[in-house]
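Colleague: Sharing structure30.cif (mmCIF, C-alpha atoms) below.
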```cif
data_input
#
loop_
_atom_site.label_atom_id
_atom_site.label_comp_id
_atom_site.auth_asym_id
_atom_site.auth_seq_id
_atom_site.Cartn_x
_atom_site.Cartn_y
_atom_site.Cartn_z
CA MET A 1 -24.85 146.76 -9.57
CA ALA A 2 -23.29 150.04 -8.38
CA VAL A 3 -26.36 152.05 -9.37
CA SER A 4 -28.71 149.65 -7.59
CA ASN A 5 -26.49 149.64 -4.53
CA ASN A 6 -26.46 153.42 -4.50
CA ILE A 7 -30.25 153.48 -4.66
CA THR A 8 -30.45 150.91 -1.86
CA ALA A 9 -27.94 152.90 0.22
CA CYS A 10 -30.03 156.06 -0.18
CA VAL A 11 -33.21 154.17 0.70
CA THR A 12 -31.69 152.64 3.83
CA LEU A 13 -30.30 156.03 4.85
CA LEU A 14 -33.80 157.52 4.56
CA ALA A 15 -35.20 154.55 6.52
CA LEU A 16 -32.60 155.24 9.19
CA ILE A 17 -33.81 158.84 9.37
CA CYS A 18 -37.45 157.67 9.56
CA ALA A 19 -36.59 155.54 12.59
CA VAL A 20 -35.63 158.67 14.54
CA PRO A 21 -39.21 160.00 15.01
CA VAL A 22 -40.29 156.52 16.15
CA ILE A 23 -37.60 156.60 18.85
CA ALA A 24 -38.45 160.21 19.72
CA SER A 25 -42.15 159.35 20.03
CA GLY A 26 -41.32 156.42 22.30
CA VAL A 27 -39.04 158.49 24.55
CA TRP A 28 -41.59 161.33 24.73
CA PHE A 29 -44.40 158.90 25.53
CA ALA A 30 -42.35 157.27 28.29
CA SER A 31 -41.37 160.62 29.85
CA ALA A 32 -44.92 161.99 29.58
CA GLN A 33 -46.25 158.92 31.40
CA GLY A 34 -43.73 159.59 34.14
CA ASP A 35 -45.33 163.00 34.62
CA GLU A 36 -48.75 161.34 34.89
CA CYS A 37 -47.52 158.66 37.35
CA ALA A 38 -48.44 155.85 34.93
CA ARG A 39 -46.37 152.99 33.56
CA LEU A 40 -48.49 151.76 30.65
CA ALA A 41 -46.44 150.24 27.79
CA ARG A 42 -43.80 152.92 28.28
CA TRP A 43 -40.86 151.59 26.28
CA PRO A 44 -42.05 149.27 23.45
CA VAL A 45 -42.27 152.15 20.95
CA ALA A 46 -38.77 153.42 21.78
CA ILE A 47 -37.33 149.88 21.67
CA LEU A 48 -39.02 149.21 18.33
CA GLY A 49 -37.61 152.48 16.98
CA GLY A 50 -34.14 151.46 18.14
CA LEU A 51 -34.43 148.12 16.35
CA LEU A 52 -35.58 149.90 13.18
CA LEU A 53 -32.54 152.15 13.44
CA LEU A 54 -30.17 149.18 13.79
CA ALA A 55 -31.80 147.33 10.87
CA ALA A 56 -31.57 150.42 8.64
CA LEU A 57 -27.93 150.92 9.67
CA ALA A 58 -27.15 147.31 8.73
CA GLY A 59 -28.86 147.84 5.38
CA PHE A 60 -26.89 151.01 4.71
CA VAL A 61 -23.59 149.30 5.50
CA GLY A 62 -24.57 146.32 3.34
CA ALA A 63 -25.51 148.53 0.39
CA TYR A 64 -22.53 150.86 0.64
CA TRP A 65 -19.93 148.10 0.94
CA ASN A 66 -21.85 145.55 -1.15
CA ARG A 67 -22.48 143.05 1.64
CA ARG A 68 -25.34 140.90 0.37
CA ARG A 69 -25.93 139.12 3.66
CA LEU A 70 -26.37 142.41 5.48
CA LEU A 71 -28.79 143.57 2.79
CA ALA A 72 -30.78 140.34 3.08
CA PHE A 73 -30.82 140.73 6.88
CA TYR A 74 -32.01 144.33 6.47
CA LEU A 75 -34.90 143.33 4.22
CA PHE A 76 -36.00 140.50 6.49
CA ALA A 77 -35.62 142.46 9.74
CA MET A 78 -37.26 145.60 8.37
CA ALA A 79 -40.26 143.60 7.12
CA ALA A 80 -40.73 142.01 10.54
CA LEU A 81 -40.33 145.34 12.37
CA ILE A 82 -42.74 147.16 10.06
CA VAL A 83 -45.32 144.44 10.69
CA LEU A 84 -44.78 144.86 14.46
CA LEU A 85 -45.08 148.63 14.15
CA ILE A 86 -48.35 148.33 12.21
CA ALA A 87 -49.66 145.82 14.78
CA LEU A 88 -48.75 148.24 17.58
CA LEU A 89 -50.58 151.07 15.82
CA VAL A 90 -53.69 148.94 15.25
CA PHE A 91 -53.64 147.89 18.91
CA ALA A 92 -53.16 151.50 20.11
CA PHE A 93 -56.04 152.78 17.98
CA ALA A 94 -58.28 149.92 19.12
CA VAL A 95 -57.73 150.36 22.87
CA THR A 96 -57.82 154.18 22.82
CA ARG A 97 -60.83 154.56 20.53
CA GLY A 98 -63.38 155.28 23.27
CA SER A 99 -63.30 158.26 25.60
CA GLY A 100 -64.66 158.66 29.12
CA ALA A 101 -65.07 162.44 28.82
CA TYR A 102 -68.54 163.96 28.99
CA PRO A 103 -69.50 167.64 28.99
CA VAL A 104 -70.96 169.40 32.02
CA LEU A 105 -73.54 172.16 31.57
CA GLY A 106 -72.07 175.56 32.45
CA ARG A 107 -68.51 174.22 32.73
CA ALA A 108 -65.59 174.70 30.35
CA TYR A 109 -64.01 171.44 31.54
CA ASP A 110 -65.22 167.87 31.10
CA ASP A 111 -65.92 165.28 33.77
CA TYR A 112 -64.76 161.69 33.30
CA ARG A 113 -66.17 158.19 33.77
CA LEU A 114 -64.61 154.77 33.23
CA ASP A 115 -67.54 153.49 31.17
CA GLY A 116 -66.39 155.11 27.92
CA PHE A 117 -62.96 153.47 27.83
CA SER A 118 -61.98 150.11 26.39
CA MET A 119 -61.96 147.04 28.62
CA TRP A 120 -58.17 146.83 28.31
CA LEU A 121 -57.63 150.37 29.60
CA ARG A 122 -60.17 149.93 32.39
CA GLY A 123 -58.39 146.78 33.44
CA TYR A 124 -55.15 148.73 33.78
CA VAL A 125 -56.54 150.87 36.62
CA SER A 126 -59.07 148.41 38.09
CA ASP A 127 -57.65 144.88 37.95
CA ASP A 128 -54.67 145.43 40.25
CA PRO A 129 -55.42 147.42 43.44
CA GLY A 130 -51.71 147.55 44.27
CA ARG A 131 -50.95 149.30 40.99
CA TRP A 132 -53.53 152.00 41.70
CA GLU A 133 -52.16 152.47 45.21
CA LYS A 134 -48.77 153.32 43.69
CA ILE A 135 -50.33 155.67 41.14
CA LYS A 136 -52.42 157.33 43.85
CA ALA A 137 -49.37 157.87 46.07
CA CYS A 138 -47.51 159.38 43.13
CA LEU A 139 -50.42 161.71 42.27
CA ALA A 140 -50.66 162.89 45.89
CA VAL A 141 -47.09 164.21 45.85
CA SER A 142 -47.14 165.47 42.25
CA ASP A 143 -48.04 168.98 41.07
CA THR A 144 -51.29 167.81 39.48
CA CYS A 145 -53.54 169.22 42.20
CA LYS A 146 -51.00 171.45 43.93
CA LYS A 147 -51.14 173.81 40.95
CA LEU A 148 -54.84 174.31 41.63
CA GLN A 149 -54.26 174.73 45.37
CA ARG A 150 -51.83 177.57 44.70
CA GLN A 151 -54.58 179.40 42.78
CA ALA A 152 -57.06 179.26 45.68
CA ALA A 153 -56.70 182.95 46.63
CA PHE A 154 -57.04 184.17 43.04
CA VAL A 155 -59.87 182.10 41.53
CA ASN A 156 -63.57 182.49 42.35
CA ALA A 157 -66.25 179.94 41.51
CA GLU A 158 -67.21 181.40 38.12
CA GLN A 159 -63.58 181.68 37.04
CA PHE A 160 -62.96 178.07 38.07
CA TYR A 161 -66.03 176.81 36.21
CA GLN A 162 -64.78 178.49 33.02
CA SER A 163 -61.21 177.19 33.32
CA ARG A 164 -59.98 174.36 31.13
CA LEU A 165 -58.76 171.66 33.46
CA ALA A 166 -56.49 168.82 32.41
CA PRO A 167 -58.17 165.38 32.62
CA LEU A 168 -56.25 164.45 35.76
CA GLN A 169 -57.13 167.74 37.46
CA SER A 170 -60.80 167.36 36.61
CA GLY A 171 -60.94 163.73 37.71
CA CYS A 172 -58.71 163.79 40.78
CA CYS A 173 -58.64 167.33 42.23
CA LYS A 174 -62.37 168.07 42.54
CA PRO A 175 -65.56 166.09 43.15
CA PRO A 176 -67.76 165.09 40.19
CA SER A 177 -70.04 167.94 39.13
CA VAL A 178 -73.13 165.73 39.43
CA CYS A 179 -72.67 165.63 43.23
CA GLY A 180 -73.57 169.33 43.50
CA TYR A 181 -70.77 170.33 45.87
CA THR A 182 -70.42 174.03 46.73
CA TYR A 183 -67.20 175.65 45.56
CA VAL A 184 -64.90 177.11 48.22
CA SER A 185 -61.56 176.85 46.40
CA PRO A 186 -60.25 174.66 43.55
CA THR A 187 -59.55 171.81 45.98
CA VAL A 188 -62.02 172.60 48.79
CA TRP A 189 -65.73 171.83 48.30
CA THR A 190 -68.61 171.56 50.81
CA SER A 191 -72.28 170.65 51.20
CA PRO A 192 -73.06 168.23 48.36
CA ALA A 193 -76.60 168.78 47.08
CA ARG A 194 -76.85 165.27 45.59
CA PRO A 195 -74.54 163.00 47.64
CA ALA A 196 -76.14 159.82 46.26
CA ALA A 197 -75.89 160.83 42.59
CA ASP A 198 -72.56 159.05 42.11
CA PRO A 199 -70.50 156.63 44.25
CA ASP A 200 -67.59 159.07 43.96
CA CYS A 201 -69.57 161.73 45.87
CA GLY A 202 -68.91 159.96 49.17
CA LEU A 203 -65.22 159.43 48.37
CA TRP A 204 -64.37 163.12 48.05
CA SER A 205 -62.25 164.62 50.84
CA ASN A 206 -60.88 168.13 51.38
CA ASP A 207 -57.71 166.52 52.74
CA PRO A 208 -54.95 167.52 50.24
CA GLY A 209 -53.50 164.02 50.52
CA GLN A 210 -56.77 162.34 49.61
CA LEU A 211 -59.04 164.63 47.52
CA CYS A 212 -60.65 162.33 44.91
CA TYR A 213 -57.71 159.97 44.39
CA GLU A 214 -59.92 157.01 45.33
CA CYS A 215 -62.63 158.06 42.88
CA GLU A 216 -63.48 156.31 39.64
CA SER A 217 -63.33 159.75 38.03
CA CYS A 218 -59.64 160.00 38.94
CA LYS A 219 -58.92 156.68 37.25
CA ALA A 220 -60.89 157.88 34.22
CA GLY A 221 -58.94 161.15 34.16
CA LEU A 222 -55.67 159.22 34.15
CA LEU A 223 -56.85 157.05 31.25
CA GLU A 224 -57.94 160.13 29.30
CA ALA A 225 -54.48 161.66 29.80
CA LEU A 226 -52.85 158.43 28.56
CA ARG A 227 -55.26 158.30 25.65
CA ASP A 228 -54.35 161.86 24.62
CA GLN A 229 -50.64 160.98 24.79
CA TRP A 230 -51.13 157.88 22.64
CA HIS A 231 -53.01 159.88 20.00
CA LYS A 232 -50.23 162.47 19.82
CA ALA A 233 -47.57 159.76 19.52
CA ASN A 234 -49.62 157.94 16.89
CA ILE A 235 -49.44 160.90 14.50
CA ALA A 236 -45.65 160.61 14.24
CA LEU A 237 -45.84 156.81 14.17
CA VAL A 238 -48.34 156.73 11.30
CA VAL A 239 -46.25 159.11 9.19
CA ALA A 240 -43.05 157.14 9.94
CA THR A 241 -44.78 153.82 9.14
CA VAL A 242 -46.06 155.04 5.77
CA CYS A 243 -42.59 156.32 4.87
CA LEU A 244 -40.91 153.10 6.00
CA VAL A 245 -43.29 150.92 3.97
CA PHE A 246 -42.70 153.07 0.87
CA LEU A 247 -38.92 152.99 1.33
CA TYR A 248 -38.97 149.26 2.00
CA LEU A 249 -40.77 148.58 -1.29
CA ILE A 250 -38.22 150.70 -3.17
CA GLY A 251 -35.39 148.91 -1.36
CA CYS A 252 -36.82 145.49 -2.30
CA SER A 253 -37.08 146.53 -5.94
CA ALA A 254 -33.50 147.85 -6.01
CA TYR A 255 -32.22 144.69 -4.31
CA LYS A 256 -33.99 142.44 -6.82
CA ASN A 257 -32.63 144.48 -9.74
CA ALA A 258 -29.11 144.19 -8.31
CA GLN A 259 -29.49 140.43 -7.90
CA ALA A 260 -30.81 140.07 -11.45
CA ALA A 261 -27.94 142.16 -12.86
CA ALA A 262 -25.40 140.06 -11.00
CA PHE A 263 -27.05 136.86 -12.25
CA PHE A 264 -26.94 137.96 -15.93
CA ARG A 265 -23.35 139.13 -15.65
CA HIS A 266 -22.37 135.80 -14.20
CA TYR A 267 -23.76 133.89 -17.21
CA LYS A 268 -22.91 136.44 -19.89
#
```
Now, as a test, write the supplied structure out as structure tokens.
Modeller:
Amino acid sequence: MAVSNNITACVTLLALICAVPVIASGVWFASAQGDECARLARWPVAILGGLLLLAALAGFVGAYWNRRRLLAFYLFAMAALIVLLIALLVFAFAVTRGSGAYPVLGRAYDDYRLDGFSMWLRGYVSDDPGRWEKIKACLAVSDTCKKLQRQAAFVNAEQFYQSRLAPLQSGCCKPPSVCGYTYVSPTVWTSPARPAADPDCGLWSNDPGQLCYECESCKAGLLEALRDQWHKANIALVVATVCLVFLYLIGCSAYKNAQAAAFFRHYK
């Protein structure tokens, strides 16, 4: 029984450690969304990581001090949380599978459209006008486009075309390339050659408080930024999930062996 409990204690301790990157991924994802002015599923990952940590802690205490009820709670809770974590990963991969980025000839940056994203993501920026108004107001006072404005005196057209813009900068801080605007500075463009090529062409404004914040391309740039963040967080979550499943199976085996040993000793 002592050997099995020691194994279970080690397994639960490792599970406790594996919960840390889940929490870290959740906190990073929430803070990164704050930088992008979005509030899309910010805390579920961090909350789930916290619950995994508490379940693993209960399992460690139960194994170390031989508390069978705590061990049983650990096995049940960890199974449920792992299932939730896997479901969250499947959902994240499903809704972030498509991308709205498309290359532009002669440009190092991409332009963005809503068409390439999943219906769920498109609904986030399109279904609730009030939500987008809040995001737009946040973007207007953020450094997203102000960074480009500060470069106006140092960047010519060719240098700008060969720069690698972040999705939000490409979608919100300049007009779509298809409109054929003439470059003046990173956030000042004039004389569109093809004003009817895209509905966003008529929404562009050189006003620093407006720019292309009303454009569909801005919404697409925001979704691309969120999609990139989800993919980065998913790497840590996939590794943690695989480790947790492996440790859970070992913990179940050790717990069953301990129960069997106790049963045989009782009837010996």
Colleague: Neighbours of Lys146 in chain A within 10 Å (only C-alpha atoms; same-chain residues fewer than 3 positions away dropped), as an mmCIF file with C-alpha atoms, keeping the file's coordinate frame?
Modeller:
```
data_model
loop_
_atom_site.group_PDB
_atom_site.id
_atom_site.type_symbol
_atom_site.label_atom_id
_atom_site.label_comp_id
_atom_site.auth_asym_id
_atom_site.auth_seq_id
_atom_site.Cartn_x
_atom_site.Cartn_y
_atom_site.Cartn_z
ATOM 1 C CA LEU A 139 -50.420 161.710 42.270
ATOM 2 C CA ALA A 140 -50.660 162.890 45.890
ATOM 3 C CA VAL A 141 -47.090 164.210 45.850
ATOM 4 C CA SER A 142 -47.140 165.470 42.250
ATOM 5 C CA ASP A 143 -48.040 168.980 41.070
ATOM 6 C CA GLN A 149 -54.260 174.730 45.370
ATOM 7 C CA ARG A 150 -51.830 177.570 44.700
ATOM 8 C CA GLN A 151 -54.580 179.400 42.780
ATOM 9 C CA GLN A 169 -57.130 167.740 37.460
ATOM 10 C CA CYS A 173 -58.640 167.330 42.230
ATOM 11 C CA PRO A 186 -60.250 174.660 43.550
ATOM 12 C CA THR A 187 -59.550 171.810 45.980
ATOM 13 C CA PRO A 208 -54.950 167.520 50.240
#
```
Colleague: So which one's closest to Glu214 in chain A, A:Cys172, A:Ala166, A:Leu105, A:Leu121? Using all atoms listed in the file, please.
Modeller: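 Going through A:Cys172, A:Ala166, A:Leu105, A:Leu121 one by one, the smallest distance to Glu214 in chain A is for A:Cys172.
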Colleague: Please evaluate the PyMOL selection byres ((chain A and resi 216) around 12) against the displayed coordinates and give the resulting residues as a PyMOL selection string.
Modeller: chain A and resi 100+111-115+122+125-126+132+136+168+170-172+175-176+198-204+212-215+217-223
Colleague: Would you compute the distance between CA of Ala233 in chain A and CA of Ala87 in chain A? Give it in Å to one decimal.
Modeller: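 It comes out at 14.9 Å.
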Colleague: Tell me which residues the PyMOL selection byres ((chain A and resi 231) around 12) grabs here, as a list in words.
Modeller: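 Checked against the file, the PyMOL selection byres ((chain A and resi 231) around 12) matches Ser25, Phe29, Leu89, Val90, Ala92, Phe93, Ala94, Val95, Thr96, Arg97, Gly98, Ser99, Glu224, Ala225, Leu226, Arg227, Asp228, Gln229, Trp230, Lys232, Ala233, Asn234, Ile235, Ala236, Leu237 and Val238 of chain A.
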Colleague: Which is closer to Ala152 in chain A than all the others in A:Val188, A:Leu165, A:Cys138, A:Val11, using all atoms listed in the file?
Modeller: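 Nearest candidate to Ala152 in chain A out of A:Val188, A:Leu165, A:Cys138, A:Val11: A:Val188.
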